[in-house]
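Coordinates as given in data.cif (mmCIF, C-alpha atoms and all ligand atoms):
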```cif
data_model
loop_
_atom_site.label_atom_id
_atom_site.label_comp_id
_atom_site.auth_asym_id
_atom_site.auth_seq_id
_atom_site.Cartn_x
_atom_site.Cartn_y
_atom_site.Cartn_z
CA MET C 1 -31.96 -7.11 19.91
CA ARG C 2 -30.34 -9.31 22.53
CA PHE C 3 -26.53 -9.56 22.65
CA ASP C 4 -24.86 -12.25 24.78
CA VAL C 5 -21.09 -11.77 25.03
CA LEU C 6 -18.78 -14.63 26.04
CA THR C 7 -15.68 -12.98 27.49
CA LEU C 8 -13.01 -13.29 30.20
CA PHE C 9 -13.16 -9.49 30.72
CA PRO C 10 -16.80 -8.42 31.17
CA GLU C 11 -15.67 -5.18 32.92
CA MET C 12 -14.34 -3.91 29.58
CA PHE C 13 -17.95 -3.56 28.42
CA ASP C 14 -18.80 -0.81 30.95
CA VAL C 15 -18.37 1.74 28.15
CA MET C 16 -21.45 0.29 26.42
CA HIS C 17 -23.57 2.03 29.07
CA ALA C 18 -22.53 5.51 27.90
CA SER C 19 -24.14 7.68 25.24
CA ILE C 20 -26.53 6.38 22.57
CA ILE C 21 -26.05 2.63 23.18
CA GLY C 22 -26.45 3.18 26.93
CA ARG C 23 -29.77 4.92 26.31
CA ALA C 24 -30.90 2.05 24.05
CA ILE C 25 -30.07 -0.44 26.83
CA GLN C 26 -32.02 1.65 29.37
CA ASN C 27 -34.95 1.86 26.94
CA LYS C 28 -34.85 -1.98 26.56
CA ILE C 29 -34.32 -1.72 22.78
CA ILE C 30 -31.02 -3.52 23.33
CA GLU C 31 -30.29 -6.18 25.95
CA LEU C 32 -26.62 -6.77 26.78
CA ASN C 33 -25.72 -9.92 28.74
CA LEU C 34 -22.09 -10.47 29.71
CA ILE C 35 -21.05 -14.04 30.44
CA ASN C 36 -17.63 -14.64 31.97
CA PHE C 37 -16.82 -18.14 30.74
CA ARG C 38 -14.17 -18.44 33.49
CA GLU C 39 -17.17 -19.19 35.73
CA PHE C 40 -17.67 -22.36 33.67
CA SER C 41 -14.14 -23.66 34.34
CA LYS C 42 -14.15 -26.92 36.27
CA ASP C 43 -10.55 -26.25 37.32
CA LYS C 44 -9.93 -25.64 41.06
CA GLN C 45 -8.15 -22.39 40.19
CA LYS C 46 -10.65 -21.47 37.46
CA HIS C 47 -8.02 -21.79 34.71
CA VAL C 48 -9.43 -21.62 31.20
CA ASP C 49 -6.21 -21.87 29.16
CA ASP C 50 -3.44 -24.39 28.57
CA THR C 51 -0.27 -24.80 26.50
CA PRO C 52 -0.71 -25.46 22.77
CA TYR C 53 -0.38 -29.02 21.41
CA GLY C 54 2.55 -29.01 19.02
CA GLY C 55 4.38 -26.43 21.11
CA GLY C 56 4.92 -22.73 20.64
CA ALA C 57 4.56 -19.54 22.62
CA GLY C 58 1.51 -18.43 24.54
CA MET C 59 -1.58 -20.17 25.80
CA VAL C 60 -4.74 -21.48 24.14
CA ILE C 61 -8.25 -21.28 25.62
CA ARG C 62 -9.60 -24.76 26.35
CA PRO C 63 -12.82 -25.69 24.57
CA GLU C 64 -14.92 -26.90 27.55
CA PRO C 65 -15.60 -23.61 29.43
CA VAL C 66 -16.55 -21.87 26.17
CA TYR C 67 -18.86 -24.72 25.17
CA ASP C 68 -20.45 -24.98 28.63
CA ALA C 69 -21.09 -21.21 28.72
CA TYR C 70 -22.65 -21.45 25.23
CA GLN C 71 -24.86 -24.36 26.34
CA HIS C 72 -25.90 -22.38 29.42
CA ILE C 73 -27.23 -19.64 27.09
CA VAL C 74 -28.91 -21.78 24.40
CA SER C 75 -30.20 -24.81 26.31
CA SER C 76 -33.45 -23.06 27.23
CA LEU C 77 -33.95 -21.40 23.80
CA THR C 78 -36.05 -22.68 20.91
CA ASN C 79 -34.40 -20.41 18.30
CA LYS C 80 -30.63 -20.82 18.01
CA PRO C 81 -28.92 -17.41 17.93
CA LYS C 82 -26.16 -16.74 15.37
CA VAL C 83 -22.70 -17.03 17.01
CA ILE C 84 -20.00 -14.57 15.93
CA TYR C 85 -16.33 -15.07 16.77
CA LEU C 86 -14.21 -11.90 16.65
CA SER C 87 -10.94 -12.86 15.00
CA PRO C 88 -8.32 -11.40 12.61
CA ARG C 89 -9.02 -14.44 10.39
CA GLY C 90 -12.65 -13.39 9.89
CA LYS C 91 -14.41 -11.55 7.10
CA VAL C 92 -13.64 -7.83 7.35
CA PHE C 93 -16.62 -6.04 8.91
CA ASN C 94 -18.44 -3.38 6.89
CA GLN C 95 -21.68 -1.35 6.91
CA GLN C 96 -23.54 -3.91 4.78
CA MET C 97 -22.78 -6.63 7.38
CA ALA C 98 -23.92 -4.25 10.17
CA ARG C 99 -27.26 -3.71 8.38
CA GLU C 100 -27.79 -7.45 7.79
CA LEU C 101 -26.94 -8.44 11.38
CA ALA C 102 -29.32 -5.73 12.70
CA LYS C 103 -32.18 -7.95 11.38
CA GLU C 104 -31.29 -10.75 13.85
CA GLU C 105 -33.17 -10.87 17.14
CA HIS C 106 -30.38 -12.49 19.18
CA LEU C 107 -26.61 -12.69 18.67
CA ILE C 108 -23.84 -14.36 20.68
CA LEU C 109 -20.41 -12.74 20.44
CA LEU C 110 -17.39 -14.85 21.39
CA CYS C 111 -14.24 -12.98 22.46
CA GLY C 112 -10.89 -14.74 22.52
CA HIS C 113 -7.73 -13.75 24.33
CA TYR C 114 -4.15 -15.05 24.47
CA GLU C 115 -3.14 -17.00 21.34
CA GLY C 116 -6.70 -18.04 20.52
CA ILE C 117 -9.39 -20.58 21.27
CA ASP C 118 -9.21 -24.35 20.66
CA GLN C 119 -10.41 -24.82 17.06
CA ARG C 120 -12.86 -27.61 17.94
CA VAL C 121 -15.25 -25.38 19.90
CA ILE C 122 -15.07 -22.77 17.12
CA ASP C 123 -16.00 -25.47 14.58
CA GLU C 124 -18.82 -26.65 16.86
CA ILE C 125 -20.58 -23.37 17.75
CA VAL C 126 -19.42 -20.46 15.52
CA ASP C 127 -21.52 -19.41 12.51
CA GLU C 128 -19.57 -16.36 11.38
CA GLU C 129 -16.01 -15.14 12.02
CA ILE C 130 -15.60 -11.36 11.85
CA SER C 131 -12.48 -9.16 11.80
CA VAL C 132 -12.66 -5.40 12.38
CA GLY C 133 -9.48 -4.73 10.42
CA ASP C 134 -6.03 -5.99 9.54
CA TYR C 135 -4.27 -5.60 12.85
CA VAL C 136 -3.85 -7.84 15.87
CA LEU C 137 -5.33 -6.80 19.19
CA THR C 138 -4.97 -8.27 22.68
CA GLY C 139 -8.47 -9.74 22.51
CA GLY C 140 -11.85 -9.76 20.82
CA GLU C 141 -13.56 -7.42 23.32
CA LEU C 142 -12.98 -4.10 21.51
CA PRO C 143 -13.99 -5.69 18.16
CA ALA C 144 -17.17 -7.05 19.82
CA MET C 145 -18.04 -3.55 21.00
CA ILE C 146 -17.37 -2.08 17.55
CA VAL C 147 -19.63 -4.69 15.95
CA MET C 148 -22.42 -4.20 18.54
CA ASP C 149 -22.27 -0.41 18.15
CA ALA C 150 -22.43 -0.54 14.35
CA ILE C 151 -25.28 -3.09 14.43
CA SER C 152 -27.25 -1.27 17.12
CA ARG C 153 -27.43 2.07 15.31
CA ASN C 154 -29.26 0.26 12.49
CA ILE C 155 -31.99 -0.92 14.87
CA GLU C 156 -35.27 1.03 14.91
CA GLY C 157 -35.50 3.37 17.91
CA VAL C 158 -31.78 3.42 18.80
CA LEU C 159 -31.03 6.72 17.05
CA LYS C 160 -33.36 9.61 17.79
CA ASP C 161 -32.10 13.08 16.85
CA GLU C 162 -28.98 11.46 15.43
CA SER C 163 -30.04 10.72 11.87
CA ILE C 164 -29.53 7.32 10.31
CA GLU C 165 -30.01 8.66 6.76
CA GLU C 166 -27.52 10.93 5.00
CA GLU C 167 -24.38 9.68 6.70
CA SER C 168 -21.12 8.08 5.72
CA PHE C 169 -21.67 4.86 3.75
CA ASN C 170 -25.43 5.17 3.47
CA ASN C 171 -24.90 6.15 -0.16
CA GLY C 172 -21.57 4.31 -0.34
CA LEU C 173 -19.63 7.59 -0.17
CA LEU C 174 -17.86 9.46 2.63
CA GLU C 175 -19.74 12.23 4.42
CA TYR C 176 -19.51 15.85 3.21
CA PRO C 177 -18.00 18.42 5.62
CA GLN C 178 -20.25 20.03 8.26
CA TYR C 179 -20.13 23.56 9.69
CA THR C 180 -21.86 25.43 12.49
CA ARG C 181 -21.50 28.85 14.16
CA PRO C 182 -19.45 31.04 14.11
CA GLU C 183 -19.51 32.09 10.44
CA VAL C 184 -15.78 32.93 10.64
CA PHE C 185 -13.35 30.91 12.80
CA LEU C 186 -9.57 31.68 12.78
CA ASP C 187 -10.04 33.51 9.43
CA ARG C 188 -11.78 30.46 7.93
CA LYS C 189 -15.24 31.24 6.54
CA VAL C 190 -18.15 28.81 6.21
CA PRO C 191 -18.73 28.13 2.45
CA ASP C 192 -21.15 30.79 1.11
CA VAL C 193 -23.54 28.26 -0.43
CA LEU C 194 -24.40 26.88 3.04
CA LEU C 195 -25.55 30.37 4.15
CA SER C 196 -27.51 30.99 0.92
CA GLY C 197 -30.69 29.15 1.94
CA HIS C 198 -30.80 27.71 -1.62
CA HIS C 199 -31.60 24.07 -0.82
CA ALA C 200 -31.01 22.63 -4.30
CA ASN C 201 -27.57 24.30 -4.49
CA ILE C 202 -26.69 23.09 -0.99
CA GLU C 203 -27.62 19.51 -1.89
CA GLU C 204 -25.57 19.75 -5.10
CA TRP C 205 -22.54 21.15 -3.19
CA ARG C 206 -22.73 18.39 -0.59
CA LYS C 207 -23.00 15.65 -3.23
CA ASN C 208 -19.96 17.05 -5.07
CA LYS C 209 -17.95 17.33 -1.84
CA SER C 210 -18.80 13.72 -0.94
CA LEU C 211 -17.60 12.54 -4.35
CA GLU C 212 -14.44 14.68 -4.27
CA ILE C 213 -13.42 13.50 -0.77
CA THR C 214 -14.20 9.86 -1.56
CA LYS C 215 -12.21 9.93 -4.86
CA GLU C 216 -9.24 11.43 -3.02
CA ARG C 217 -9.24 9.31 0.15
CA ARG C 218 -11.10 6.09 -0.67
CA PRO C 219 -11.06 5.33 -4.41
CA ASP C 220 -11.90 1.71 -3.46
CA LEU C 221 -15.36 2.91 -2.33
CA ILE C 222 -16.00 4.45 -5.78
CA GLU C 223 -15.14 1.09 -7.40
CA ARG C 224 -17.38 -0.80 -4.93
CA ARG C 225 -20.29 1.58 -5.70
CA LYS C 226 -19.93 0.85 -9.42
CA GLN C 227 -20.05 -2.92 -8.74
CA ASN C 228 -23.08 -2.58 -6.46
CA GLY C 229 -24.93 -0.45 -9.01
C1 LIG J 301 -10.45 -9.54 16.25
C2 LIG J 301 -8.52 -8.28 15.62
C3 LIG J 301 -11.16 -8.92 15.25
C4 LIG J 301 -9.27 -7.70 14.62
C5 LIG J 301 -8.87 -10.78 18.45
C6 LIG J 301 -6.74 -10.54 18.77
C7 LIG J 301 -9.14 -9.23 16.45
C8 LIG J 301 -8.38 -9.90 17.52
N1 LIG J 301 -10.55 -8.01 14.45
N2 LIG J 301 -7.05 -9.77 17.72
N3 LIG J 301 -7.83 -11.15 19.20
#
```
Once more with this new file: its structure as structure tokens, please.
Amino acid sequence: MRFDVLTLFPEMFDVMHASIIGRAIQNKIIELNLINFREFSKDKQKHVDDTPYGGGAGMVIRPEPVYDAYQHIVSSLTNKPKVIYLSPRGKVFNQQMARELAKEEHLILLCGHYEGIDQRVIDEIVDEEISVGDYVLTGGELPAMIVMDAISRNIEGVLKDESIEEESFNNGLLEYPQYTRPEVFLDRKVPDVLLSGHHANIEEWRKNKSLEITKERRPDLIERRKQNG
């Protein structure tokens, strides 16, 4: 999978080189290209923003540097990659979207800052607008990293020891609790069934715990599971 990120703050993406995603980049399973669209400003002082038509607070990103950076990426390509704009107005991201997007071979992620990006370039180049939750951030960079992380761990070869099966949301329920040594910690004992070696009972206990925790904390996920069969 190739990710091209259009951003004014490419240095924020340094954290993508740590841990599991970092290993996937090193192993060439994931390619991460950071494009600072400020470099496409034709302004003497490399400005990319201007005051909003109609008035109001804050600044708006001008359409030309975003469009020129986009053209720089796609002009030499035969297959047009899907363009995702990270925005609180987008569809709220979930695991199903992460699995679907993991099937793409190339994605462009557009990160806004300030009060937003001129609507005309969004209308021209964006295929999908995605929100990572109902709160406003200072920019689309952290959402872009969340989306890339969630997509990447669904790509073959990205996870190794870390298992892709049997985790939160893979059966539409929250994960059951996990325990490791010691057997007793601060007077709290590991549930007996997990020490029993009785695999059918362990599986049953875990399934029940998943259901119990999901009913208590996320009843909406129980309803969604019913609708999705
Ligand atoms: C993007 C918030 C996606 C949530 C982008 C300010 C954003 C966001 N999900 N907030 N710029």
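Note that atom CA of Gly56 of chain C and atom CA of Arg38 of chain C are 23.4 Å apart.
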**Prompt:** Got a sec to check which residues lie within 7 Å of ligand LIG 301 (chain J), using all atoms listed in the file, and send them as a PyMOL selection string?
**Reply:** chain C and resi 86-88+112-113+130-140+143
Would you mind exporting the chosen residues as an mmCIF file, in the frame of the given file, restricted to C-alpha atoms?
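To be explicit, this is the file written out as selection.cif:
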```cif
data_model
loop_
_atom_site.group_PDB
_atom_site.id
_atom_site.type_symbol
_atom_site.label_atom_id
_atom_site.label_comp_id
_atom_site.auth_asym_id
_atom_site.auth_seq_id
_atom_site.Cartn_x
_atom_site.Cartn_y
_atom_site.Cartn_z
ATOM 1 C CA LEU C 86 -14.210 -11.900 16.650
ATOM 2 C CA SER C 87 -10.940 -12.860 15.000
ATOM 3 C CA PRO C 88 -8.320 -11.400 12.610
ATOM 4 C CA GLY C 112 -10.890 -14.740 22.520
ATOM 5 C CA HIS C 113 -7.730 -13.750 24.330
ATOM 6 C CA ILE C 130 -15.600 -11.360 11.850
ATOM 7 C CA SER C 131 -12.480 -9.160 11.800
ATOM 8 C CA VAL C 132 -12.660 -5.400 12.380
ATOM 9 C CA GLY C 133 -9.480 -4.730 10.420
ATOM 10 C CA ASP C 134 -6.030 -5.990 9.540
ATOM 11 C CA TYR C 135 -4.270 -5.600 12.850
ATOM 12 C CA VAL C 136 -3.850 -7.840 15.870
ATOM 13 C CA LEU C 137 -5.330 -6.800 19.190
ATOM 14 C CA THR C 138 -4.970 -8.270 22.680
ATOM 15 C CA GLY C 139 -8.470 -9.740 22.510
ATOM 16 C CA GLY C 140 -11.850 -9.760 20.820
ATOM 17 C CA PRO C 143 -13.990 -5.690 18.160
#
```
Counting all atoms listed in the file, what are the residues of segment 90-186 of chain C within 12 Å of segment 70-79 of chain C, and for each of them which pair of atoms is the nearest and at what distance in Å, to one decimal? Sort the table by chain and rising number, as a Markdown table.
```
| residue | atom | partner | partner_atom | distance |
| --- | --- | --- | --- | --- |
| C:Glu104 | CA | C:Asn79 | CA | 11.1 |
| C:Glu105 | CA | C:Asn79 | CA | 9.7 |
| C:His106 | CA | C:Asn79 | CA | 8.9 |
| C:Leu107 | CA | C:Ile73 | CA | 10.9 |
| C:Ile108 | CA | C:Tyr70 | CA | 8.5 |
| C:Leu109 | CA | C:Tyr70 | CA | 10.2 |
| C:Leu110 | CA | C:Tyr70 | CA | 9.3 |
| C:Val121 | CA | C:Tyr70 | CA | 9.9 |
| C:Ile122 | CA | C:Tyr70 | CA | 11.2 |
| C:Glu124 | CA | C:Tyr70 | CA | 10.6 |
| C:Ile125 | CA | C:Tyr70 | CA | 8.0 |
| C:Val126 | CA | C:Tyr70 | CA | 10.3 |
```
**Asked** In Å to one decimal, how far is atom CA of Ala98 of chain C from atom CA of Asp220 of chain C?
**Response** 19.1 Å
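Close contacts of Leu34 of chain C, defined as residues with an atom at most 12 Å away when counting only C-alpha atoms, with chain neighbours fewer than 3 positions off set aside, comprise Arg2, Phe3, Asp4, Val5, Leu6, Thr7, Leu8, Phe9, Pro10, Glu11, Met12, Phe13, Asp14, Met16, Glu31, Phe37, Arg38, Glu39, Ala69, Tyr70, Ile73, Ile108, Leu109, Leu110, Cys111, Glu141, Ala144 and Met145 of chain C.
Of the listed residues (C:Asp118, C:Glu100, C:Phe93, C:Ile84), C:Asp118 comes nearest to Pro65 of chain C; the distances count all atoms listed in the file.
Taking only C-alpha atoms, the non-local environment of Ala102 of chain C within 12 Å (same-chain residues fewer than 2 positions away omitted) comprises Met1, Arg2, Phe3, Ile29, Ile30, Lys82, Gln95, Gln96, Met97, Ala98, Arg99, Glu100, Glu104, Glu105, His106, Leu107, Val147, Met148, Asp149, Ala150, Ile151, Ser152, Arg153, Asn154, Ile155, Glu156 and Val158 of chain C.
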**Message:** I need the residue nearest Asp43 of chain C from this list: C:Arg206, C:Lys160, C:Lys91, C:Arg62. Use all atoms listed in the file for the distance.
**Reply:** C:Arg62
**Prompt:** In Å to one decimal, how far is atom CA of Lys207 of chain C from atom CA of Tyr176 of chain C?
**Reply:** 7.3 Å
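With distances taken over all atoms listed in the file, C:Lys209 is the one residue among C:Lys209, C:His198, C:Arg23, C:Lys42 lying closest to Pro177 of chain C.
Residues in contact with Ala57 of chain C at 10 Å, where all atoms listed in the file are counted and same-chain residues fewer than 5 positions away are skipped, are listed as Thr51, Pro52, Tyr114 and Glu115 of chain C.
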**Message:** Report as an MDAnalysis selection string all protein, DNA and RNA residues lying within 12 Å of Thr214 of chain C, evaluated on only C-alpha atoms, omitting residues in the same chain fewer than 6 positions from it.
**Reply:** chainID C and resid 168:169 171:177 207:208 220:225
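Here the question is which of C:Ile146, C:Ile21, C:Val66, C:Val184 gets nearest to Ser41 of chain C using all atoms listed in the file, and that residue is C:Val66.
With distances restricted to only C-alpha atoms, C:Met59 is the closest residue to His47 of chain C from C:Ala18, C:Ala24, C:Leu195, C:Met59.
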Coordinates of box centre and edge lengths for segment 85-100 of chain C, 4 Å on every side, axis-aligned, as AutoDock Vina command-line options:
```
--center_x -18.1 --center_y -8.2 --center_z 10.8 --size_x 27.5 --size_y 21.7 --size_z 20.0
```
**Message:** Ranking C:Glu183, C:Glu128, C:Asp123, C:Glu204 by minimum distance to Tyr85 of chain C and counting only C-alpha atoms, which one comes first?
**Reply:** C:Glu128
Could I get segment 108-119 of chain C rebuilt with all heavy atoms, written as an mmCIF file, in the frame of the given file?
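Written output follows (result.cif):
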```
data_model
loop_
_atom_site.group_PDB
_atom_site.id
_atom_site.type_symbol
_atom_site.label_atom_id
_atom_site.label_comp_id
_atom_site.auth_asym_id
_atom_site.auth_seq_id
_atom_site.Cartn_x
_atom_site.Cartn_y
_atom_site.Cartn_z
ATOM 1 N N ILE C 108 -24.864 -14.041 19.676
ATOM 2 C CA ILE C 108 -23.840 -14.360 20.680
ATOM 3 C C ILE C 108 -22.491 -13.952 20.105
ATOM 4 O O ILE C 108 -22.156 -14.321 18.983
ATOM 5 C CB ILE C 108 -23.852 -15.867 21.035
ATOM 6 C CG1 ILE C 108 -25.202 -16.268 21.655
ATOM 7 C CG2 ILE C 108 -22.701 -16.204 21.978
ATOM 8 C CD1 ILE C 108 -25.313 -17.748 22.011
ATOM 9 N N LEU C 109 -21.740 -13.163 20.869
ATOM 10 C CA LEU C 109 -20.410 -12.740 20.440
ATOM 11 C C LEU C 109 -19.365 -13.419 21.313
ATOM 12 O O LEU C 109 -19.410 -13.302 22.544
ATOM 13 C CB LEU C 109 -20.276 -11.216 20.511
ATOM 14 C CG LEU C 109 -21.137 -10.489 19.473
ATOM 15 C CD1 LEU C 109 -22.375 -9.929 20.132
ATOM 16 C CD2 LEU C 109 -20.362 -9.396 18.796
ATOM 17 N N LEU C 110 -18.442 -14.118 20.676
ATOM 18 C CA LEU C 110 -17.390 -14.850 21.390
ATOM 19 C C LEU C 110 -16.071 -14.087 21.261
ATOM 20 O O LEU C 110 -15.612 -13.805 20.151
ATOM 21 C CB LEU C 110 -17.268 -16.269 20.806
ATOM 22 C CG LEU C 110 -16.111 -17.131 21.294
ATOM 23 C CD1 LEU C 110 -16.147 -17.354 22.798
ATOM 24 C CD2 LEU C 110 -16.112 -18.484 20.540
ATOM 25 N N CYS C 111 -15.496 -13.734 22.422
ATOM 26 C CA CYS C 111 -14.240 -12.980 22.460
ATOM 27 C C CYS C 111 -13.113 -13.884 22.927
ATOM 28 O O CYS C 111 -13.181 -14.443 24.022
ATOM 29 C CB CYS C 111 -14.350 -11.818 23.434
ATOM 30 S SG CYS C 111 -15.727 -10.721 23.094
ATOM 31 N N GLY C 112 -12.070 -13.975 22.133
ATOM 32 C CA GLY C 112 -10.890 -14.740 22.520
ATOM 33 C C GLY C 112 -9.858 -13.852 23.172
ATOM 34 O O GLY C 112 -9.982 -12.622 23.187
ATOM 35 N N HIS C 113 -8.855 -14.469 23.735
ATOM 36 C CA HIS C 113 -7.730 -13.750 24.330
ATOM 37 C C HIS C 113 -6.536 -14.665 24.184
ATOM 38 O O HIS C 113 -6.648 -15.767 23.681
ATOM 39 C CB HIS C 113 -8.030 -13.447 25.801
ATOM 40 C CG HIS C 113 -8.017 -11.977 26.083
ATOM 41 N ND1 HIS C 113 -6.912 -11.301 26.493
ATOM 42 C CD2 HIS C 113 -8.986 -11.053 25.954
ATOM 43 C CE1 HIS C 113 -7.204 -10.023 26.635
ATOM 44 N NE2 HIS C 113 -8.460 -9.852 26.321
ATOM 45 N N TYR C 114 -5.371 -14.245 24.594
ATOM 46 C CA TYR C 114 -4.150 -15.050 24.470
ATOM 47 C C TYR C 114 -3.940 -15.427 22.990
ATOM 48 O O TYR C 114 -4.219 -14.620 22.109
ATOM 49 C CB TYR C 114 -4.205 -16.279 25.386
ATOM 50 C CG TYR C 114 -4.734 -15.946 26.769
ATOM 51 C CD1 TYR C 114 -5.953 -16.429 27.220
ATOM 52 C CD2 TYR C 114 -4.011 -15.086 27.603
ATOM 53 C CE1 TYR C 114 -6.427 -16.093 28.479
ATOM 54 C CE2 TYR C 114 -4.493 -14.734 28.853
ATOM 55 C CZ TYR C 114 -5.696 -15.239 29.286
ATOM 56 O OH TYR C 114 -6.183 -14.898 30.504
ATOM 57 N N GLU C 115 -3.474 -16.630 22.729
ATOM 58 C CA GLU C 115 -3.140 -17.000 21.340
ATOM 59 C C GLU C 115 -4.358 -17.510 20.571
ATOM 60 O O GLU C 115 -4.253 -17.844 19.398
ATOM 61 C CB GLU C 115 -2.020 -18.031 21.316
ATOM 62 C CG GLU C 115 -0.730 -17.546 21.960
ATOM 63 C CD GLU C 115 -0.254 -16.192 21.413
ATOM 64 O OE1 GLU C 115 -0.098 -16.078 20.191
ATOM 65 O OE2 GLU C 115 -0.050 -15.259 22.218
ATOM 66 N N GLY C 116 -5.511 -17.587 21.230
ATOM 67 C CA GLY C 116 -6.700 -18.040 20.520
ATOM 68 C C GLY C 116 -7.485 -19.067 21.305
ATOM 69 O O GLY C 116 -7.191 -19.327 22.469
ATOM 70 N N ILE C 117 -8.487 -19.614 20.640
ATOM 71 C CA ILE C 117 -9.390 -20.580 21.270
ATOM 72 C C ILE C 117 -9.228 -21.909 20.538
ATOM 73 O O ILE C 117 -9.050 -21.931 19.319
ATOM 74 C CB ILE C 117 -10.858 -20.074 21.159
ATOM 75 C CG1 ILE C 117 -11.012 -18.725 21.892
ATOM 76 C CG2 ILE C 117 -11.837 -21.105 21.710
ATOM 77 C CD1 ILE C 117 -12.401 -18.115 21.803
ATOM 78 N N ASP C 118 -9.293 -23.007 21.259
ATOM 79 C CA ASP C 118 -9.210 -24.350 20.660
ATOM 80 C C ASP C 118 -10.175 -24.429 19.461
ATOM 81 O O ASP C 118 -11.361 -24.098 19.583
ATOM 82 C CB ASP C 118 -9.582 -25.396 21.727
ATOM 83 C CG ASP C 118 -9.364 -26.820 21.232
ATOM 84 O OD1 ASP C 118 -10.136 -27.267 20.353
ATOM 85 O OD2 ASP C 118 -8.440 -27.485 21.738
ATOM 86 N N GLN C 119 -9.648 -24.845 18.313
ATOM 87 C CA GLN C 119 -10.410 -24.820 17.060
ATOM 88 C C GLN C 119 -11.691 -25.657 17.119
ATOM 89 O O GLN C 119 -12.668 -25.340 16.436
ATOM 90 C CB GLN C 119 -9.525 -25.310 15.897
ATOM 91 C CG GLN C 119 -10.159 -25.159 14.516
ATOM 92 C CD GLN C 119 -10.464 -23.704 14.157
ATOM 93 O OE1 GLN C 119 -9.677 -22.795 14.465
ATOM 94 N NE2 GLN C 119 -11.601 -23.457 13.526
#
```
